[in-house]
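Source file: model20.pdb; contents: PDB, C-alpha atoms and all ligand atoms.
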```
ATOM      1  CA  MET A  66     -16.944   3.572   5.306  1.00  0.00           C
ATOM      2  CA  ASN A  67     -16.651   0.548   3.083  1.00  0.00           C
ATOM      3  CA  ILE A  68     -13.125  -0.816   2.628  1.00  0.00           C
ATOM      4  CA  VAL A  69     -12.163  -3.477   0.103  1.00  0.00           C
ATOM      5  CA  ALA A  70      -8.797  -5.233   0.291  1.00  0.00           C
ATOM      6  CA  ILE A  71      -7.288  -6.921  -2.748  1.00  0.00           C
ATOM      7  CA  MET A  72      -4.783  -9.641  -1.845  1.00  0.00           C
ATOM      8  CA  ALA A  73      -2.704 -10.568  -4.897  1.00  0.00           C
ATOM      9  CA  SER A  74      -0.080 -12.933  -3.496  1.00  0.00           C
ATOM     10  CA  TYR A  75       0.019 -16.547  -4.661  1.00  0.00           C
ATOM     11  CA  ARG A  76       0.501 -17.623  -1.047  1.00  0.00           C
ATOM     12  CA  LYS A  77      -2.097 -17.404   1.692  1.00  0.00           C
ATOM     13  CA  GLY A  78      -0.906 -16.855   5.251  1.00  0.00           C
ATOM     14  CA  ARG A  79       2.426 -15.383   4.177  1.00  0.00           C
ATOM     15  CA  THR A  80       3.812 -11.864   3.761  1.00  0.00           C
ATOM     16  CA  ILE A  81       1.198  -9.943   1.792  1.00  0.00           C
ATOM     17  CA  ASP A  82      -1.750 -11.852   3.229  1.00  0.00           C
ATOM     18  CA  THR A  83      -0.515 -11.156   6.773  1.00  0.00           C
ATOM     19  CA  LEU A  84       0.228  -7.475   6.140  1.00  0.00           C
ATOM     20  CA  VAL A  85      -3.103  -6.890   4.388  1.00  0.00           C
ATOM     21  CA  ASP A  86      -4.828  -8.398   7.435  1.00  0.00           C
ATOM     22  CA  ARG A  87      -2.867  -6.042   9.702  1.00  0.00           C
ATOM     23  CA  ALA A  88      -3.875  -3.064   7.564  1.00  0.00           C
ATOM     24  CA  ILE A  89      -7.523  -4.155   7.782  1.00  0.00           C
ATOM     25  CA  ALA A  90      -7.121  -4.359  11.566  1.00  0.00           C
ATOM     26  CA  GLY A  91      -5.703  -0.819  11.511  1.00  0.00           C
ATOM     27  CA  THR A  92      -8.713   0.517   9.620  1.00  0.00           C
ATOM     28  CA  LEU A  93     -11.094  -1.093  12.103  1.00  0.00           C
ATOM     29  CA  ALA A  94      -9.123   0.257  15.072  1.00  0.00           C
ATOM     30  CA  ALA A  95      -9.391   3.783  13.675  1.00  0.00           C
ATOM     31  CA  ASN A  96     -12.967   3.399  12.463  1.00  0.00           C
ATOM     32  CA  PRO A  97     -14.853   0.600  14.256  1.00  0.00           C
ATOM     33  CA  GLY A  98     -17.959   1.312  12.193  1.00  0.00           C
ATOM     34  CA  ALA A  99     -16.206   0.552   8.916  1.00  0.00           C
ATOM     35  CA  THR A 100     -17.135  -2.491   6.873  1.00  0.00           C
ATOM     36  CA  THR A 101     -14.334  -4.511   5.314  1.00  0.00           C
ATOM     37  CA  GLU A 102     -14.151  -7.160   2.642  1.00  0.00           C
ATOM     38  CA  LYS A 103     -11.015  -8.981   1.536  1.00  0.00           C
ATOM     39  CA  ILE A 104     -10.760 -10.414  -1.959  1.00  0.00           C
ATOM     40  CA  THR A 105      -8.127 -13.150  -2.148  1.00  0.00           C
ATOM     41  CA  LEU A 106      -7.493 -13.288  -5.883  1.00  0.00           C
ATOM     42  CA  ILE A 107      -5.849 -16.724  -5.848  1.00  0.00           C
ATOM     43  CA  ASP A 108      -9.157 -18.208  -4.643  1.00  0.00           C
ATOM     44  CA  LYS A 109     -11.045 -16.733  -7.581  1.00  0.00           C
ATOM     45  CA  HIS A 110     -11.546 -17.967 -11.094  1.00  0.00           C
ATOM     46  CA  ILE A 111     -10.266 -15.025 -13.145  1.00  0.00           C
ATOM     47  CA  GLU A 112      -9.724 -15.527 -16.861  1.00  0.00           C
ATOM     48  CA  TYR A 113      -7.455 -13.407 -19.033  1.00  0.00           C
ATOM     49  CA  CYS A 114      -8.891 -10.366 -20.772  1.00  0.00           C
ATOM     50  CA  ARG A 115      -9.708 -11.296 -24.394  1.00  0.00           C
ATOM     51  CA  ASN A 116      -9.265  -7.803 -25.872  1.00  0.00           C
ATOM     52  CA  CYS A 117     -12.798  -7.963 -27.302  1.00  0.00           C
ATOM     53  CA  MET A 118     -13.283  -4.282 -26.335  1.00  0.00           C
ATOM     54  CA  ALA A 119     -16.934  -4.781 -25.390  1.00  0.00           C
ATOM     55  CA  CYS A 120     -16.183  -2.843 -22.181  1.00  0.00           C
ATOM     56  CA  ARG A 121     -14.348   0.000 -23.912  1.00  0.00           C
ATOM     57  CA  ASP A 122     -17.133   0.401 -26.455  1.00  0.00           C
ATOM     58  CA  ASP A 123     -19.951   0.222 -23.909  1.00  0.00           C
ATOM     59  CA  ASP A 124     -22.013   3.321 -23.108  1.00  0.00           C
ATOM     60  CA  PRO A 125     -19.583   5.804 -21.427  1.00  0.00           C
ATOM     61  CA  SER A 126     -22.366   7.114 -19.183  1.00  0.00           C
ATOM     62  CA  LYS A 127     -22.651   3.723 -17.440  1.00  0.00           C
ATOM     63  CA  PRO A 128     -20.777   3.608 -14.105  1.00  0.00           C
ATOM     64  CA  LEU A 129     -19.658   0.059 -14.870  1.00  0.00           C
ATOM     65  CA  ALA A 130     -19.169  -1.268 -18.375  1.00  0.00           C
ATOM     66  CA  ARG A 131     -20.104  -4.773 -19.404  1.00  0.00           C
ATOM     67  CA  CYS A 132     -17.510  -7.556 -19.430  1.00  0.00           C
ATOM     68  CA  VAL A 133     -18.476 -10.542 -21.574  1.00  0.00           C
ATOM     69  CA  ILE A 134     -16.450 -13.089 -19.585  1.00  0.00           C
ATOM     70  CA  GLN A 135     -18.640 -14.980 -17.143  1.00  0.00           C
ATOM     71  CA  ASP A 136     -16.263 -15.736 -14.287  1.00  0.00           C
ATOM     72  CA  ASP A 137     -15.729 -14.553 -10.696  1.00  0.00           C
ATOM     73  CA  MET A 138     -14.953 -10.994 -11.828  1.00  0.00           C
ATOM     74  CA  GLN A 139     -18.691 -10.504 -12.393  1.00  0.00           C
ATOM     75  CA  ALA A 140     -19.217 -10.669  -8.622  1.00  0.00           C
ATOM     76  CA  ILE A 141     -16.057  -8.672  -7.864  1.00  0.00           C
ATOM     77  CA  TYR A 142     -16.954  -5.638 -10.021  1.00  0.00           C
ATOM     78  CA  PRO A 143     -19.890  -4.427  -7.888  1.00  0.00           C
ATOM     79  CA  VAL A 144     -17.907  -5.010  -4.694  1.00  0.00           C
ATOM     80  CA  LEU A 145     -15.090  -2.791  -5.994  1.00  0.00           C
ATOM     81  CA  ASP A 146     -17.578  -0.221  -7.192  1.00  0.00           C
ATOM     82  CA  ALA A 147     -19.288   0.009  -3.793  1.00  0.00           C
ATOM     83  CA  ALA A 148     -16.003   0.685  -1.960  1.00  0.00           C
ATOM     84  CA  ASP A 149     -14.913   4.002  -0.463  1.00  0.00           C
ATOM     85  CA  ALA A 150     -11.323   2.885   0.038  1.00  0.00           C
ATOM     86  CA  TYR A 151      -8.954   0.125  -1.032  1.00  0.00           C
ATOM     87  CA  ILE A 152      -6.045  -1.787   0.435  1.00  0.00           C
ATOM     88  CA  ILE A 153      -4.018  -3.325  -2.377  1.00  0.00           C
ATOM     89  CA  GLY A 154      -1.314  -5.907  -1.671  1.00  0.00           C
ATOM     90  CA  THR A 155       1.031  -7.637  -4.096  1.00  0.00           C
ATOM     91  CA  PRO A 156       4.492  -9.193  -3.944  1.00  0.00           C
ATOM     92  CA  ILE A 157       7.083  -7.761  -6.311  1.00  0.00           C
ATOM     93  CA  ASN A 158       8.428 -10.507  -8.528  1.00  0.00           C
ATOM     94  CA  MET A 159      11.266  -9.553 -10.890  1.00  0.00           C
ATOM     95  CA  GLY A 160      10.408  -5.894 -10.409  1.00  0.00           C
ATOM     96  CA  ASN A 161       6.698  -6.183 -11.088  1.00  0.00           C
ATOM     97  CA  GLU A 162       3.374  -7.057  -9.486  1.00  0.00           C
ATOM     98  CA  THR A 163       2.267 -10.691  -9.646  1.00  0.00           C
ATOM     99  CA  ALA A 164       0.774 -11.944 -12.899  1.00  0.00           C
ATOM    100  CA  LEU A 165      -2.350 -12.567 -10.827  1.00  0.00           C
ATOM    101  CA  PHE A 166      -2.656  -8.868 -10.025  1.00  0.00           C
ATOM    102  CA  LYS A 167      -1.909  -7.791 -13.600  1.00  0.00           C
ATOM    103  CA  THR A 168      -4.572 -10.178 -14.921  1.00  0.00           C
ATOM    104  CA  PHE A 169      -7.041  -8.671 -12.443  1.00  0.00           C
ATOM    105  CA  VAL A 170      -6.138  -5.085 -13.420  1.00  0.00           C
ATOM    106  CA  GLU A 171      -6.539  -5.845 -17.126  1.00  0.00           C
ATOM    107  CA  ARG A 172      -9.997  -7.217 -16.396  1.00  0.00           C
ATOM    108  CA  CYS A 173     -10.872  -4.009 -14.528  1.00  0.00           C
ATOM    109  CA  CYS A 174      -9.489  -1.540 -17.058  1.00  0.00           C
ATOM    110  CA  PHE A 175     -12.341  -0.413 -19.321  1.00  0.00           C
ATOM    111  CA  VAL A 176     -15.003  -1.799 -17.009  1.00  0.00           C
ATOM    112  CA  PHE A 177     -14.143   1.025 -14.579  1.00  0.00           C
ATOM    113  CA  ALA A 178     -12.687   3.459 -17.119  1.00  0.00           C
ATOM    114  CA  LYS A 179     -13.972   5.017 -20.285  1.00  0.00           C
ATOM    115  CA  PRO A 180     -11.696   5.981 -23.161  1.00  0.00           C
ATOM    116  CA  GLY A 181     -10.727   9.627 -23.117  1.00  0.00           C
ATOM    117  CA  THR A 182     -11.474  12.003 -25.967  1.00  0.00           C
ATOM    118  CA  PHE A 183      -9.181  14.478 -27.783  1.00  0.00           C
ATOM    119  CA  PRO A 184      -6.404  15.295 -26.821  1.00  0.00           C
ATOM    120  CA  MET A 185      -6.316  12.222 -24.522  1.00  0.00           C
ATOM    121  CA  LYS A 186      -7.979   9.943 -27.076  1.00  0.00           C
ATOM    122  CA  GLY A 187      -8.254   6.385 -25.810  1.00  0.00           C
ATOM    123  CA  VAL A 188      -6.574   7.072 -22.466  1.00  0.00           C
ATOM    124  CA  PRO A 189      -8.574   5.510 -19.615  1.00  0.00           C
ATOM    125  CA  THR A 190     -10.421   7.936 -17.354  1.00  0.00           C
ATOM    126  CA  PRO A 191     -12.674   6.814 -14.508  1.00  0.00           C
ATOM    127  CA  ARG A 192     -16.339   6.202 -15.279  1.00  0.00           C
ATOM    128  CA  GLY A 193     -17.242   6.780 -11.639  1.00  0.00           C
ATOM    129  CA  THR A 194     -17.298  10.253 -10.127  1.00  0.00           C
ATOM    130  CA  ARG A 195     -17.123   9.241  -6.462  1.00  0.00           C
ATOM    131  CA  LYS A 196     -13.696  10.056  -5.040  1.00  0.00           C
ATOM    132  CA  ARG A 197     -11.952   7.209  -3.233  1.00  0.00           C
ATOM    133  CA  ARG A 198      -8.728   6.539  -1.365  1.00  0.00           C
ATOM    134  CA  ALA A 199      -6.222   3.702  -1.417  1.00  0.00           C
ATOM    135  CA  VAL A 200      -3.073   2.374   0.168  1.00  0.00           C
ATOM    136  CA  ALA A 201      -0.778  -0.337  -1.166  1.00  0.00           C
ATOM    137  CA  ILE A 202       1.500  -2.954   0.350  1.00  0.00           C
ATOM    138  CA  LEU A 203       4.337  -4.487  -1.629  1.00  0.00           C
ATOM    139  CA  SER A 204       6.978  -7.018  -0.660  1.00  0.00           C
ATOM    140  CA  THR A 205      10.234  -8.466  -1.908  1.00  0.00           C
ATOM    141  CA  GLY A 206      12.263 -11.463  -0.833  1.00  0.00           C
ATOM    142  CA  VAL A 207      15.719  -9.897  -0.851  1.00  0.00           C
ATOM    143  CA  VAL A 208      15.640  -6.344  -2.262  1.00  0.00           C
ATOM    144  CA  PRO A 209      15.856  -3.927   0.686  1.00  0.00           C
ATOM    145  CA  PRO A 210      13.889  -0.635   0.874  1.00  0.00           C
ATOM    146  CA  TRP A 211      16.885   1.528  -0.058  1.00  0.00           C
ATOM    147  CA  MET A 212      16.994  -0.224  -3.450  1.00  0.00           C
ATOM    148  CA  ARG A 213      13.267   0.142  -4.094  1.00  0.00           C
ATOM    149  CA  LEU A 214      13.580   2.783  -6.816  1.00  0.00           C
ATOM    150  CA  LEU A 215      15.642   0.409  -8.926  1.00  0.00           C
ATOM    151  CA  CYS A 216      13.262  -2.530  -8.868  1.00  0.00           C
ATOM    152  CA  ASP A 217       9.700  -1.496  -8.136  1.00  0.00           C
ATOM    153  CA  ASP A 218       7.596  -1.099 -11.266  1.00  0.00           C
ATOM    154  CA  ALA A 219       4.552  -2.361  -9.382  1.00  0.00           C
ATOM    155  CA  THR A 220       3.840   0.872  -7.514  1.00  0.00           C
ATOM    156  CA  PRO A 221       3.434   2.989 -10.697  1.00  0.00           C
ATOM    157  CA  LEU A 222       0.971   0.414 -12.042  1.00  0.00           C
ATOM    158  CA  ILE A 223      -1.033   0.472  -8.805  1.00  0.00           C
ATOM    159  CA  LYS A 224      -1.029   4.271  -8.835  1.00  0.00           C
ATOM    160  CA  ASP A 225      -2.327   4.282 -12.402  1.00  0.00           C
ATOM    161  CA  PHE A 226      -4.946   1.623 -11.596  1.00  0.00           C
ATOM    162  CA  CYS A 227      -6.184   3.749  -8.693  1.00  0.00           C
ATOM    163  CA  LYS A 228      -6.204   7.025 -10.611  1.00  0.00           C
ATOM    164  CA  THR A 229      -7.562   6.031 -14.012  1.00  0.00           C
ATOM    165  CA  MET A 230      -9.921   3.198 -13.099  1.00  0.00           C
ATOM    166  CA  LEU A 231     -10.985   3.338  -9.449  1.00  0.00           C
ATOM    167  CA  ASN A 232     -10.958   7.144  -9.142  1.00  0.00           C
ATOM    168  CA  ALA A 233      -8.880   6.651  -6.001  1.00  0.00           C
ATOM    169  CA  ARG A 234      -5.928   8.616  -4.676  1.00  0.00           C
ATOM    170  CA  LEU A 235      -3.038   6.421  -3.576  1.00  0.00           C
ATOM    171  CA  LEU A 236      -2.306   7.970  -0.177  1.00  0.00           C
ATOM    172  CA  ASP A 237       0.663   5.904   0.883  1.00  0.00           C
ATOM    173  CA  THR A 238       2.481   2.631   0.333  1.00  0.00           C
ATOM    174  CA  LEU A 239       4.347   0.146   2.499  1.00  0.00           C
ATOM    175  CA  TYR A 240       7.342  -1.488   0.865  1.00  0.00           C
ATOM    176  CA  ALA A 241       8.106  -4.590   2.895  1.00  0.00           C
ATOM    177  CA  GLY A 242      11.548  -5.280   1.473  1.00  0.00           C
ATOM    178  CA  ALA A 243      13.918  -8.170   2.142  1.00  0.00           C
ATOM    179  CA  ILE A 244      11.375 -10.184   4.101  1.00  0.00           C
ATOM    180  CA  GLU A 245      13.537 -13.311   3.850  1.00  0.00           C
ATOM    181  CA  LYS A 246      15.999 -11.598   6.167  1.00  0.00           C
ATOM    182  CA  ARG A 247      13.741  -9.260   8.137  1.00  0.00           C
ATOM    183  CA  THR A 248      10.661 -11.540   8.428  1.00  0.00           C
ATOM    184  CA  VAL A 249       7.096 -10.335   8.191  1.00  0.00           C
ATOM    185  CA  ASP A 250       6.953  -9.298  11.864  1.00  0.00           C
ATOM    186  CA  TYR A 251       9.319  -6.443  11.075  1.00  0.00           C
ATOM    187  CA  TYR A 252       6.533  -4.764   9.043  1.00  0.00           C
ATOM    188  CA  THR A 253       3.319  -5.634  10.883  1.00  0.00           C
ATOM    189  CA  GLN A 254       3.122  -2.412  12.898  1.00  0.00           C
ATOM    190  CA  ALA A 255       3.726  -0.307   9.765  1.00  0.00           C
ATOM    191  CA  ALA A 256       0.907  -2.186   7.999  1.00  0.00           C
ATOM    192  CA  PHE A 257      -1.403  -1.485  10.944  1.00  0.00           C
ATOM    193  CA  GLN A 258      -0.537   2.235  10.774  1.00  0.00           C
ATOM    194  CA  LEU A 259      -1.143   2.237   7.026  1.00  0.00           C
ATOM    195  CA  GLY A 260      -4.656   0.944   7.664  1.00  0.00           C
ATOM    196  CA  ARG A 261      -5.242   3.677  10.241  1.00  0.00           C
ATOM    197  CA  GLU A 262      -4.005   6.278   7.762  1.00  0.00           C
ATOM    198  CA  LEU A 263      -6.470   5.067   5.121  1.00  0.00           C
ATOM    199  CA  VAL A 264      -9.524   5.915   7.219  1.00  0.00           C
ATOM    200  CA  ARG A 265      -8.267   9.001   9.018  1.00  0.00           C
TER     201      ARG A 265
HETATM  202  C1  LIG A 301       8.936 -15.562  -9.848  1.00  0.00           C
HETATM  203  C2  LIG A 301       9.431 -14.800  -8.653  1.00  0.00           C
HETATM  204  C3  LIG A 301      10.326 -13.784  -8.839  1.00  0.00           C
HETATM  205  C4  LIG A 301      10.809 -13.069  -7.746  1.00  0.00           C
HETATM  206  N1  LIG A 301      11.710 -12.069  -7.956  1.00  0.00           N
HETATM  207  C5  LIG A 301      12.218 -11.419  -6.895  1.00  0.00           C
HETATM  208  C6  LIG A 301      13.204 -10.413  -7.094  1.00  0.00           C
HETATM  209  O1  LIG A 301      13.618 -10.112  -8.196  1.00  0.00           O
HETATM  210  N2  LIG A 301      13.709  -9.788  -6.002  1.00  0.00           N
HETATM  211  C7  LIG A 301      13.275 -10.103  -4.728  1.00  0.00           C
HETATM  212  O2  LIG A 301      13.739  -9.503  -3.776  1.00  0.00           O
HETATM  213  N3  LIG A 301      12.335 -11.046  -4.524  1.00  0.00           N
HETATM  214  C8  LIG A 301      11.802 -11.713  -5.577  1.00  0.00           C
HETATM  215  N4  LIG A 301      10.863 -12.695  -5.366  1.00  0.00           N
HETATM  216  C9  LIG A 301      10.428 -12.986  -3.997  1.00  0.00           C
HETATM  217  C10 LIG A 301       9.063 -12.420  -3.683  1.00  0.00           C
HETATM  218  O3  LIG A 301       9.014 -11.021  -3.886  1.00  0.00           O
HETATM  219  C11 LIG A 301       8.693 -12.709  -2.241  1.00  0.00           C
HETATM  220  O4  LIG A 301       8.750 -14.117  -2.046  1.00  0.00           O
HETATM  221  C12 LIG A 301       7.312 -12.183  -1.957  1.00  0.00           C
HETATM  222  O5  LIG A 301       7.372 -10.776  -1.875  1.00  0.00           O
HETATM  223  C13 LIG A 301       6.761 -12.731  -0.676  1.00  0.00           C
HETATM  224  O6  LIG A 301       5.368 -12.470  -0.657  1.00  0.00           O
HETATM  225  P1  LIG A 301       4.380 -13.618  -0.160  1.00  0.00           P
HETATM  226  O7  LIG A 301       4.978 -14.176   1.100  1.00  0.00           O
HETATM  227  O8  LIG A 301       3.084 -12.940   0.062  1.00  0.00           O
HETATM  228  O9  LIG A 301       4.316 -14.647  -1.247  1.00  0.00           O
HETATM  229  C14 LIG A 301      10.373 -13.399  -6.430  1.00  0.00           C
HETATM  230  C15 LIG A 301       9.445 -14.429  -6.273  1.00  0.00           C
HETATM  231  C16 LIG A 301       8.971 -15.125  -7.356  1.00  0.00           C
HETATM  232  C17 LIG A 301       7.987 -16.232  -7.146  1.00  0.00           C
END
```
Show the structure stored in the file as structure tokens.
Amino acid sequence: MNIVAIMASYRKGRTIDTLVDRAIAGTLAANPGATTEKITLIDKHIEYCRNCMACRDDDPSKPLARCVIQDDMQAIYPVLDAADAYIIGTPINMGNETALFKTFVERCCFVFAKPGTFPMKGVPTPRGTRKRRAVAILSTGVVPPWMRLLCDDATPLIKDFCKTMLNARLLDTLYAGAIEKRTVDYYTQAAFQLGRELVR
């Protein structure tokens, strides 16, 4: 099993980075034969999508459409495509994923998806047919888990990214809320279990 983790925090060694590492450890504990790769987005040169639509208008039978931007996403696309499962981690800032993660998702959109036809004209549907799985880890500084529904618009985006682009089912999520008060340690065991769940 090939697992790819996407780490979309601006800070290395902090909440999301730590919890993604724990989830990776959980996958390896449950499946020692698994291969894992972690993509730390902040280390990559990722330009904004230019809305040129070269990807959307590329041959829909291709498993990966062409992106014209020559940056680090060119090496990331095949890594994502070769994965069986994903661990996705992003902080929640002002209710949403980081701008880093959104930039990455926009660059993935019609590379991994093709536009639907009538009656879903234009709606992204996965190019790939291989079924995959995913889990997600989100964090906030002060908003506790019981208030999640009011201020988490990141999870629906991740769910949509998984379903319409990666052809992955989002199995479960860990909401690491109020980490300024609780500290990261409070959530490390849950992140480990989430990793185990991904490969079970
Ligand atoms: C621009 C910005 C906006 C943020 N907005 C919120 C917020 O509305 N509510 C909250 O609880 N935390 C907020 N935070 C805190 C982050 O969610 C928190 O620092 C992050 O989850 C920690 O992840 P990290 O340690 O991986 O960076 C915000 C942080 C930034 C930088």
A:Gly206 surroundings by only C-alpha atoms, 7 Å radius, close-in-sequence under 2 positions cut, as a PDB file with C-alpha atoms, in the coordinates of the input:
```pdb
ATOM      1  CA  SER A 204       6.978  -7.018  -0.660  1.00  0.00           C
ATOM      2  CA  VAL A 208      15.640  -6.344  -2.262  1.00  0.00           C
ATOM      3  CA  GLY A 242      11.548  -5.280   1.473  1.00  0.00           C
ATOM      4  CA  ALA A 243      13.918  -8.170   2.142  1.00  0.00           C
ATOM      5  CA  ILE A 244      11.375 -10.184   4.101  1.00  0.00           C
ATOM      6  CA  GLU A 245      13.537 -13.311   3.850  1.00  0.00           C
TER       7      GLU A 245
END
```
Item to complete: Could you tell me which residues the PyMOL selection byres (((chain A and resi 67) around 12) and not hetatm) grabs in this file, written as a PyMOL selection string?
Response: chain A and resi 66+68-70+89+92-93+96-103+144-152+197-199+263-264
Those residues you just picked out, can you put them in a file as a PDB file, keeping the file's coordinate frame with C-alpha atoms?
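Dumped everything to again_39.pdb:
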```
ATOM      1  CA  MET A  66     -16.944   3.572   5.306  1.00  0.00           C
ATOM      2  CA  ILE A  68     -13.125  -0.816   2.628  1.00  0.00           C
ATOM      3  CA  VAL A  69     -12.163  -3.477   0.103  1.00  0.00           C
ATOM      4  CA  ALA A  70      -8.797  -5.233   0.291  1.00  0.00           C
ATOM      5  CA  ILE A  89      -7.523  -4.155   7.782  1.00  0.00           C
ATOM      6  CA  THR A  92      -8.713   0.517   9.620  1.00  0.00           C
ATOM      7  CA  LEU A  93     -11.094  -1.093  12.103  1.00  0.00           C
ATOM      8  CA  ASN A  96     -12.967   3.399  12.463  1.00  0.00           C
ATOM      9  CA  PRO A  97     -14.853   0.600  14.256  1.00  0.00           C
ATOM     10  CA  GLY A  98     -17.959   1.312  12.193  1.00  0.00           C
ATOM     11  CA  ALA A  99     -16.206   0.552   8.916  1.00  0.00           C
ATOM     12  CA  THR A 100     -17.135  -2.491   6.873  1.00  0.00           C
ATOM     13  CA  THR A 101     -14.334  -4.511   5.314  1.00  0.00           C
ATOM     14  CA  GLU A 102     -14.151  -7.160   2.642  1.00  0.00           C
ATOM     15  CA  LYS A 103     -11.015  -8.981   1.536  1.00  0.00           C
ATOM     16  CA  VAL A 144     -17.907  -5.010  -4.694  1.00  0.00           C
ATOM     17  CA  LEU A 145     -15.090  -2.791  -5.994  1.00  0.00           C
ATOM     18  CA  ASP A 146     -17.578  -0.221  -7.192  1.00  0.00           C
ATOM     19  CA  ALA A 147     -19.288   0.009  -3.793  1.00  0.00           C
ATOM     20  CA  ALA A 148     -16.003   0.685  -1.960  1.00  0.00           C
ATOM     21  CA  ASP A 149     -14.913   4.002  -0.463  1.00  0.00           C
ATOM     22  CA  ALA A 150     -11.323   2.885   0.038  1.00  0.00           C
ATOM     23  CA  TYR A 151      -8.954   0.125  -1.032  1.00  0.00           C
ATOM     24  CA  ILE A 152      -6.045  -1.787   0.435  1.00  0.00           C
ATOM     25  CA  ARG A 197     -11.952   7.209  -3.233  1.00  0.00           C
ATOM     26  CA  ARG A 198      -8.728   6.539  -1.365  1.00  0.00           C
ATOM     27  CA  ALA A 199      -6.222   3.702  -1.417  1.00  0.00           C
ATOM     28  CA  LEU A 263      -6.470   5.067   5.121  1.00  0.00           C
ATOM     29  CA  VAL A 264      -9.524   5.915   7.219  1.00  0.00           C
TER      30      VAL A 264
END
```
Worksheet entry | A:Asp82 surroundings by all atoms listed in the file, 9 Å radius, close-in-sequence under 4 positions cut, as a ChimeraX atom specification | /A:72-74,76-78,86-87,105,154-155
Write out the residues from the selection above, keeping C-alpha atoms, as an mmCIF file, in the coordinates of the input.
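Once written, part.cif looks like this:
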```cif
data_model
loop_
_atom_site.group_PDB
_atom_site.id
_atom_site.type_symbol
_atom_site.label_atom_id
_atom_site.label_comp_id
_atom_site.auth_asym_id
_atom_site.auth_seq_id
_atom_site.Cartn_x
_atom_site.Cartn_y
_atom_site.Cartn_z
ATOM 1 C CA MET A 72 -4.783 -9.641 -1.845
ATOM 2 C CA ALA A 73 -2.704 -10.568 -4.897
ATOM 3 C CA SER A 74 -0.080 -12.933 -3.496
ATOM 4 C CA ARG A 76 0.501 -17.623 -1.047
ATOM 5 C CA LYS A 77 -2.097 -17.404 1.692
ATOM 6 C CA GLY A 78 -0.906 -16.855 5.251
ATOM 7 C CA ASP A 86 -4.828 -8.398 7.435
ATOM 8 C CA ARG A 87 -2.867 -6.042 9.702
ATOM 9 C CA THR A 105 -8.127 -13.150 -2.148
ATOM 10 C CA GLY A 154 -1.314 -5.907 -1.671
ATOM 11 C CA THR A 155 1.031 -7.637 -4.096
#
```
Practice prompt. Spell out the residues picked by the PyMOL selection byres (((chain A and resi 109-112) around 9) and not hetatm) here, as an MDAnalysis selection string.
Written response: chainID A and resid 104:108 113:115 134:138 165 168:169 172
Discussion item. Ranking A:Ile141, A:Met230, A:Ile202, A:Leu129 by minimum distance to ligand LIG 301 (chain A) and counting all atoms listed in the file, which one comes first?
Written reply: A:Ile202
Worksheet item: atom CA of A:Met159 and atom C10 of ligand LIG 301 (chain A) are how many Å apart?
Response: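 According to the coordinates, atom CA of A:Met159 and atom C10 of ligand LIG 301 (chain A) are separated by 8.1 Å.
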Discussion item. With distances taken over only C-alpha atoms, which residue among A:Val133, A:Thr253, A:Asn116, A:Asn161 lies nearest A:Ala219?
Written reply: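 Residue with the minimum atom-to-atom distance to A:Ala219: A:Asn161.
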Worksheet entry | Shell around A:Thr229 at 9 Å using all atoms listed in the file, local window under 6 positions removed, as a PyMOL selection string | chain A and resi 174+177-178+188-192
What are the centre and edge lengths in Å, to one decimal, of the axis-aligned box around all listed atoms of ligand LIG 301 (chain A) with 4 Å added on each side, as lines of an AutoDock Vina configuration file?
```
center_x = 8.4
center_y = -12.9
center_z = -4.4
size_x = 18.7
size_y = 14.7
size_z = 18.9
```
Discussion item. Measuring between only C-alpha atoms and all ligand atoms, which one of A:Leu236, A:Ala241, A:Leu259, A:Ala201 shows the shortest distance to ligand LIG 301 (chain A)?
Written reply: A:Ala241
Practice prompt. Could you list the residues chosen by the PyMOL selection byres (((chain A and resi 123) around 12) and not hetatm) in this structure as a PyMOL selection string?
Written response: chain A and resi 117-122+124-133+175-180+192
Filtering to C-alpha atoms, could you give me those residues as a PDB file, in the coordinates of the input?
```
ATOM      1  CA  CYS A 117     -12.798  -7.963 -27.302  1.00  0.00           C
ATOM      2  CA  MET A 118     -13.283  -4.282 -26.335  1.00  0.00           C
ATOM      3  CA  ALA A 119     -16.934  -4.781 -25.390  1.00  0.00           C
ATOM      4  CA  CYS A 120     -16.183  -2.843 -22.181  1.00  0.00           C
ATOM      5  CA  ARG A 121     -14.348   0.000 -23.912  1.00  0.00           C
ATOM      6  CA  ASP A 122     -17.133   0.401 -26.455  1.00  0.00           C
ATOM      7  CA  ASP A 124     -22.013   3.321 -23.108  1.00  0.00           C
ATOM      8  CA  PRO A 125     -19.583   5.804 -21.427  1.00  0.00           C
ATOM      9  CA  SER A 126     -22.366   7.114 -19.183  1.00  0.00           C
ATOM     10  CA  LYS A 127     -22.651   3.723 -17.440  1.00  0.00           C
ATOM     11  CA  PRO A 128     -20.777   3.608 -14.105  1.00  0.00           C
ATOM     12  CA  LEU A 129     -19.658   0.059 -14.870  1.00  0.00           C
ATOM     13  CA  ALA A 130     -19.169  -1.268 -18.375  1.00  0.00           C
ATOM     14  CA  ARG A 131     -20.104  -4.773 -19.404  1.00  0.00           C
ATOM     15  CA  CYS A 132     -17.510  -7.556 -19.430  1.00  0.00           C
ATOM     16  CA  VAL A 133     -18.476 -10.542 -21.574  1.00  0.00           C
ATOM     17  CA  PHE A 175     -12.341  -0.413 -19.321  1.00  0.00           C
ATOM     18  CA  VAL A 176     -15.003  -1.799 -17.009  1.00  0.00           C
ATOM     19  CA  PHE A 177     -14.143   1.025 -14.579  1.00  0.00           C
ATOM     20  CA  ALA A 178     -12.687   3.459 -17.119  1.00  0.00           C
ATOM     21  CA  LYS A 179     -13.972   5.017 -20.285  1.00  0.00           C
ATOM     22  CA  PRO A 180     -11.696   5.981 -23.161  1.00  0.00           C
ATOM     23  CA  ARG A 192     -16.339   6.202 -15.279  1.00  0.00           C
TER      24      ARG A 192
END
```
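Distances from A:Tyr240, A:Ile81, A:Arg261, A:Met185 to A:Leu214 were compared using only C-alpha atoms, and the smallest one belongs to A:Tyr240.
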